[in-house]
Amino acid sequence: MKRKGILIVVSGFSGAGKGTVMKELLNCYDNYALSISATTRKPREGEQNGREYFFKTIEEFEKMIAKDELIEYARYVGNYYGTPRSYVEKQLEAGKDVILEIEIQGALKVKKKYPETLLLFITPPNAKELKRRLIGRGTETMEVIESRMRRAAEEAEGMSDYDYIVVNDHLDICVEETHNIIQSEHNRVFRNEDLMNQIEEELRGEAKGE
Ligand code: 5GP
């Protein structure tokens, strides 16, 4: 019986290291597909169009909204970010577990549209470490770092809406925990109706044959 893919949303404060965790997860296991978002943010050094993001102008992004090409979109620190629909739907049908690495407003919109979505929140062990990582990244001005820290304080209120919280202190442990959570999620009763129906039917058949 073909296993259905799970839609997984991974959120976490900017600087929590979710990007690194996701990259490692994809390196270590083959059943994951990572959705690439569209954004109006300018590329950071080293980022490539179509790899980290599809970089769009505001006009292009608004056209995607109008054509209903996005599952969800949100504004985050002055820019638009959104999830293209077609890739996600294709990969889920192919049985892949599809990961959306998106912020909290988008996460809640996805959960509302697709209630079976698994919501994971990745956090550094404490706030000092978060600031240290944002500064260490060296890609943002102090002003942007401060606004991302303020945004993190707002986002912290939303953590309780998630299904699981994973601490990213040691990368390997965080990756393994995330993978284990997703694997267990496949065993949830509501995700296995076909299997249960099949077993029920077989057992009824066996009982009749007695
Ligand atoms: P960054 O600018 O650091 O790449 O991303 C900023 C925030 O936007 C992160 O929290 C990231 O997870 C989120 N984000 C990235 N893509 C999307 C998306 O498609 N939709 C939403 N709602 N958030 C996104």
# chains A, B, ... in the order shown; residues from 1 in each chain; ligands from 1
$ residues_near_ligand --ligand "ligand 1" --cutoff "7 Å" --atoms "only C-alpha atoms and all ligand atoms" --output "PyMOL selection string"
chain A and resi 11-14+37-39+41+72-74+76+81-83+101-107
$ residues_around --residues "Val166 in chain A" --least-positions-apart "6" --cutoff "9 Å" --atoms "only C-alpha atoms" --output "list of chain:residue names"
A:Leu120, A:Phe121, A:Ile122, A:Thr123, A:Pro124, A:Cys174, A:Glu177, A:Thr178
$ residues_around --residues "Ala94 in chain A" --least-positions-apart "5" --cutoff "12 Å" --atoms "only C-alpha atoms" --output "list in words"
Lys2, Arg3, Lys4, Gly5, Ile6, Asn31, Tyr32, Ala33, Tyr87, Val88 and Glu89 of chain A
$ select_by_dssp --residues "range 5-173 of chain A" --states "helix (DSSP H, G or I)" --output "number ranges by chain"
A: 18-28, 58-66, 85-93, 104-113, 127-137, 142-156, 159-161, 171-173
$ atom_distance --atom1 "CA of Asn187 in chain A" --atom2 "CA of Pro125 in chain A"
28.9 Å
$ atom_distance --atom1 "CA of Ile65 in chain A" --atom2 "CA of Thr40 in chain A"
12.7 Å
$ residues_around --residues "range 132-145 of chain A" --least-positions-apart "5" --cutoff "10 Å" --atoms "only C-alpha atoms" --output "list in words"
Ser14, Gly15, Ala16, Gly17, Arg44, Glu45, Val77, Pro124, Ala127, Arg150 and Arg151 of chain A
$ closest_residue --among "A:Val9, A:Met22, A:Gly205, A:Ser35" --to "Asp172 in chain A" --atoms "only C-alpha atoms"
A:Met22
$ atom_distance --atom1 "CA of Pro84 in chain A" --atom2 "CA of His179 in chain A"
24.0 Å
$ residues_around --residues "Asp161 in chain A" --least-positions-apart "2" --cutoff "9 Å" --atoms "only C-alpha atoms" --output "list in words"
Leu108, Leu119, Glu157, Gly158, Met159 and Asp163 of chain A
$ closest_residue --among "A:Leu34, A:Leu130, A:Ala207, A:Ala153" --to "Gln91 in chain A" --atoms "only C-alpha atoms"
A:Leu34
$ residues_around --residues "Gly50 in chain A" --least-positions-apart "3" --cutoff "10 Å" --atoms "only C-alpha atoms" --output "PDB file with N, CA, C and O atoms, in the first residue's frame"
ATOM      1  N   ILE A  36      10.179  25.431  -2.184  1.00  0.00           N
ATOM      2  CA  ILE A  36      10.932  26.685  -2.347  1.00  0.00           C
ATOM      3  C   ILE A  36       9.921  27.824  -2.460  1.00  0.00           C
ATOM      4  O   ILE A  36       9.034  27.794  -3.314  1.00  0.00           O
ATOM      5  N   SER A  37      10.054  28.794  -1.577  1.00  0.00           N
ATOM      6  CA  SER A  37       9.092  29.891  -1.513  1.00  0.00           C
ATOM      7  C   SER A  37       9.424  30.982  -2.518  1.00  0.00           C
ATOM      8  O   SER A  37      10.553  31.080  -2.997  1.00  0.00           O
ATOM      9  N   ALA A  38       8.408  31.804  -2.767  1.00  0.00           N
ATOM     10  CA  ALA A  38       8.629  33.041  -3.528  1.00  0.00           C
ATOM     11  C   ALA A  38       8.750  34.179  -2.514  1.00  0.00           C
ATOM     12  O   ALA A  38       8.102  34.144  -1.465  1.00  0.00           O
ATOM     13  N   GLU A  47      22.965  33.510  -2.287  1.00  0.00           N
ATOM     14  CA  GLU A  47      21.653  32.911  -2.572  1.00  0.00           C
ATOM     15  C   GLU A  47      21.392  32.934  -4.074  1.00  0.00           C
ATOM     16  O   GLU A  47      21.760  33.885  -4.756  1.00  0.00           O
ATOM     17  N   TYR A  53      15.190  30.660  -2.821  1.00  0.00           N
ATOM     18  CA  TYR A  53      13.880  31.281  -3.061  1.00  0.00           C
ATOM     19  C   TYR A  53      13.711  31.515  -4.552  1.00  0.00           C
ATOM     20  O   TYR A  53      14.692  31.547  -5.298  1.00  0.00           O
ATOM     21  N   PHE A  54      12.456  31.760  -4.950  1.00  0.00           N
ATOM     22  CA  PHE A  54      12.194  32.402  -6.239  1.00  0.00           C
ATOM     23  C   PHE A  54      12.061  33.885  -5.929  1.00  0.00           C
ATOM     24  O   PHE A  54      11.112  34.290  -5.254  1.00  0.00           O
ATOM     25  N   PHE A  55      13.033  34.663  -6.361  1.00  0.00           N
ATOM     26  CA  PHE A  55      13.030  36.097  -6.045  1.00  0.00           C
ATOM     27  C   PHE A  55      12.151  36.843  -7.045  1.00  0.00           C
ATOM     28  O   PHE A  55      12.347  36.714  -8.264  1.00  0.00           O
TER      29      PHE A  55
END
$ select_by_dssp --residues "range 111-198 of chain A" --states "strand (DSSP E)" --output "ChimeraX atom specification"
/A:118-123,164-167
